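Structure, as structure tokens:
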Amino acid sequence: MLRPIRTLAAAAAALALVSACNSASNSTSSSASPGKPGSAGNSRGVTADSIKVGGIVSMTSAGGYSKKDTDLGAKARYLRANAEGGINGRKIDYLGAEDDGQDPGKNMAAARKLVQQDKVFAVAPMSSVTFSGADFLEQEKVPTFGWGTLPSFCGPKYIYGFNGCLVPSPGGTLNQTWPEGIGRLVGGAQGKSVAVIANDSDAGKFGIRTFQQGFAAAGFKVAYAKASVPATAVPSDWSAYVKEILQSNDGKAPDAVVSVMQTPNNIGLFTALKRSGFQGLLSDPTDYDPGLLAKDATKQALDGVHVLLQFQPFESADPKTAQFKADIKAASGGQEVPLSMHMLTGYMSADLFVSIAQKAGKELTVESFQAAAQGFSDTGTLVGDRSEPKGQKDSFGCGALVQLRGGAYEVSVPFSCRQPVPFK
């Protein structure tokens, strides 16, 4: 029952229609199940034989960056779930992902459309650097799943990060995969320095705040930590940023530069750092994508960079990695396609939704789903051990690092789970 992804033109027209709607209209927070007349609870999007699910993904952006593979990853997981009989006998009717263009207004419009017009039971995946629709989805009691890199994934009752909460509020914890992994690569964090740079956006500012604490807790001297790069356009001249970074460690270069930015920014920054003669370690959480290797200039810019993963690397021999690859191939019509971390983001967002929904049982309502989530746990997944509601406050604490070398990715720090540290 998977529907093809709609064209951008159709999506734009739908978004325009939705933006004109009154936000209070078509509320579904107390509807009865369409498939079970008279049943108690909110069963929006659930019939006797189907569950309607949609996604919100930055398929396009002003800077050219795209997370469109997130949609394919979700589709792959839902296809397998349906092939195995669906969720307690109901097939997943996946509508595909709405494109928010990394624009807050479009993100909100997409959320309204999915709930008020399409009447979905859940949103999975939600993958963007903006999540202005979070309060609306929480208010409408829509279970929502995505990569927990935004504050909205930390705290709300109906919003879940597939690997937990990665930007917690005080009282939560920080995943130490990145700081401890880099510490291992530089021969220990004690006496070593790191510079952390991010975009001037909400995500960037939270990234700086969290990783600054995480690297300090691991024993690094945080010589530089700024969310100073424009979020709407890639700088044409990186010299000012490079100069500041290279003098940040008491007039010297830091031992490592960590970028909490997307690929176009990373290419520009890392190229400029290399041309300046920087010999230290470079790392980011984004550039694990074989598709990036198609261009020599990109491959050269990212060569040597260590990429943070919060899941099993594709190079892993883990059986679940093999299952992921098979599912992606099936969703691609039997074709071999380059794997990307965005595919994994969509896949694991869908996987967490499917796993909790299975536990909720045949009488699926938002209430039964939430009750199942409150006691949910499993082990040995592609993101490690999972449990809720722990994941709405803390990360699941697992990850790995891979390095691009000579046009291929190699595991530089194997996947493992580490003890998180308190976030202050």
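In the structure tokens, each chain is lettered A, B, ... as it comes, each chain's residues begin at 1, and ligands are numbered from 1 in order of appearance.
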Residue contacts of region 211-218 of chain A (12 Å, only C-alpha atoms) excluding same-chain residues fewer than 3 positions away, as a ChimeraX atom specification: /A:149,166-168,170,173-184,188-198,203-208,221-227,256-260,284-285,418-424
Go ahead and save the picked residues with C-alpha atoms, as an mmCIF file, in the first residue's frame.
```cif
data_model
loop_
_atom_site.group_PDB
_atom_site.id
_atom_site.type_symbol
_atom_site.label_atom_id
_atom_site.label_comp_id
_atom_site.auth_asym_id
_atom_site.auth_seq_id
_atom_site.Cartn_x
_atom_site.Cartn_y
_atom_site.Cartn_z
ATOM 1 C CA THR A 149 19.400 16.117 16.725
ATOM 2 C CA LEU A 166 20.912 13.921 21.297
ATOM 3 C CA VAL A 167 20.427 17.532 22.476
ATOM 4 C CA PRO A 168 19.096 17.124 26.000
ATOM 5 C CA PRO A 170 19.726 19.970 31.906
ATOM 6 C CA THR A 173 22.830 12.966 29.336
ATOM 7 C CA LEU A 174 25.286 13.315 26.452
ATOM 8 C CA ASN A 175 26.376 10.576 24.047
ATOM 9 C CA GLN A 176 30.179 10.330 24.291
ATOM 10 C CA THR A 177 30.843 8.379 21.077
ATOM 11 C CA TRP A 178 32.355 11.369 19.279
ATOM 12 C CA PRO A 179 34.614 12.812 22.025
ATOM 13 C CA GLU A 180 35.864 9.430 23.221
ATOM 14 C CA GLY A 181 36.289 8.131 19.666
ATOM 15 C CA ILE A 182 38.390 11.147 18.661
ATOM 16 C CA GLY A 183 40.327 10.843 21.906
ATOM 17 C CA ARG A 184 41.219 7.301 20.921
ATOM 18 C CA GLY A 188 44.214 10.245 24.386
ATOM 19 C CA ALA A 189 42.327 13.460 25.103
ATOM 20 C CA GLN A 190 44.473 14.716 27.967
ATOM 21 C CA GLY A 191 46.588 17.643 26.798
ATOM 22 C CA LYS A 192 44.821 17.746 23.420
ATOM 23 C CA SER A 193 42.656 20.556 22.056
ATOM 24 C CA VAL A 194 39.626 20.648 19.793
ATOM 25 C CA ALA A 195 37.794 23.339 17.813
ATOM 26 C CA VAL A 196 34.055 22.900 17.243
ATOM 27 C CA ILE A 197 32.273 24.935 14.556
ATOM 28 C CA ALA A 198 28.616 24.992 13.508
ATOM 29 C CA ALA A 203 20.529 23.094 15.590
ATOM 30 C CA GLY A 204 24.009 24.582 15.336
ATOM 31 C CA LYS A 205 23.766 26.423 18.644
ATOM 32 C CA PHE A 206 22.532 23.336 20.459
ATOM 33 C CA GLY A 207 25.267 21.295 18.787
ATOM 34 C CA ILE A 208 27.918 23.683 20.054
ATOM 35 C CA LYS A 221 40.620 21.467 25.956
ATOM 36 C CA VAL A 222 37.866 23.111 23.907
ATOM 37 C CA ALA A 223 39.874 25.883 22.263
ATOM 38 C CA TYR A 224 37.087 27.126 19.974
ATOM 39 C CA ALA A 225 33.326 26.595 19.970
ATOM 40 C CA LYS A 226 31.188 28.839 17.767
ATOM 41 C CA ALA A 227 27.949 28.624 15.778
ATOM 42 C CA ALA A 256 41.276 18.379 15.974
ATOM 43 C CA VAL A 257 38.606 20.380 14.149
ATOM 44 C CA VAL A 258 35.038 19.133 14.509
ATOM 45 C CA SER A 259 32.368 20.472 12.157
ATOM 46 C CA VAL A 260 28.709 20.213 13.151
ATOM 47 C CA ASP A 284 31.984 15.706 11.097
ATOM 48 C CA PRO A 285 28.701 13.838 11.668
ATOM 49 C CA ARG A 418 29.634 4.159 25.917
ATOM 50 C CA GLN A 419 28.562 5.508 29.259
ATOM 51 C CA PRO A 420 26.882 8.910 28.739
ATOM 52 C CA VAL A 421 27.739 11.947 30.869
ATOM 53 C CA PRO A 422 25.329 14.391 32.551
ATOM 54 C CA PHE A 423 24.301 17.430 30.558
ATOM 55 C CA LYS A 424 24.456 20.686 32.486
#
```
Cut-off 9 Å: closest region 169-273 of chain A/region 302-305 of chain A atom pairs per residue, using only C-alpha atoms, as a tab-separated table:
```
residue	atom	partner	partner_atom	distance
A:Asn266	CA	A:Leu302	CA	8.0
A:Ile267	CA	A:Leu302	CA	6.5
A:Phe270	CA	A:Leu302	CA	7.1
A:Thr271	CA	A:Leu302	CA	8.0
```
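Take the candidates A:Gln279, A:Ser248, A:Ser201, A:Thr286 and check each one against Ser340 (chain A) using only C-alpha atoms; the shortest distance goes to A:Thr286.
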10 Å contact set for region 353-358 of chain A, only C-alpha atoms, chain neighbours under 2 positions out, as a VMD selection string: chain A and resid 53 77 to 78 81 86 to 89 92 122 to 125 143 to 146 160 162 348 to 351 360 to 362 364 to 366 368 to 378 388
Between CA of Gly399 (chain A) and CA of Met341 (chain A) - distance in Å to one decimal: 12.7 Å
How would you write, as a PDB file with C-alpha atoms, in the first residue's frame, the set of residues in region 227-290 of chain A that DSSP gives as alpha helix (DSSP H)?
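As written to disk, selection_2.pdb reads:
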```pdb
ATOM      1  CA  SER A 239      39.727  32.437   5.309  1.00  0.00           C
ATOM      2  CA  ALA A 240      38.341  34.316   8.330  1.00  0.00           C
ATOM      3  CA  TYR A 241      37.037  31.112   9.939  1.00  0.00           C
ATOM      4  CA  VAL A 242      40.257  29.227   9.214  1.00  0.00           C
ATOM      5  CA  LYS A 243      42.446  32.002  10.638  1.00  0.00           C
ATOM      6  CA  GLU A 244      40.430  32.115  13.844  1.00  0.00           C
ATOM      7  CA  ILE A 245      40.493  28.322  14.248  1.00  0.00           C
ATOM      8  CA  LEU A 246      44.232  28.022  13.578  1.00  0.00           C
ATOM      9  CA  THR A 263      28.328  18.542   3.426  1.00  0.00           C
ATOM     10  CA  PRO A 264      28.633  21.765   1.345  1.00  0.00           C
ATOM     11  CA  ASN A 265      29.989  23.647   4.373  1.00  0.00           C
ATOM     12  CA  ASN A 266      32.297  20.785   5.325  1.00  0.00           C
ATOM     13  CA  ILE A 267      33.785  20.654   1.832  1.00  0.00           C
ATOM     14  CA  GLY A 268      34.555  24.369   1.923  1.00  0.00           C
ATOM     15  CA  LEU A 269      35.921  24.402   5.465  1.00  0.00           C
ATOM     16  CA  PHE A 270      38.046  21.264   5.193  1.00  0.00           C
ATOM     17  CA  THR A 271      39.479  22.297   1.826  1.00  0.00           C
ATOM     18  CA  ALA A 272      40.482  25.673   3.253  1.00  0.00           C
ATOM     19  CA  LEU A 273      42.021  24.070   6.355  1.00  0.00           C
ATOM     20  CA  LYS A 274      44.074  21.640   4.276  1.00  0.00           C
ATOM     21  CA  ARG A 275      45.311  24.441   2.011  1.00  0.00           C
TER      22      ARG A 275
END
```
Backbone-only DSSP, strand (DSSP E) members of region 291-402 of chain A, as number ranges by chain: A: 306-309, 377-381, 384-387, 398-402
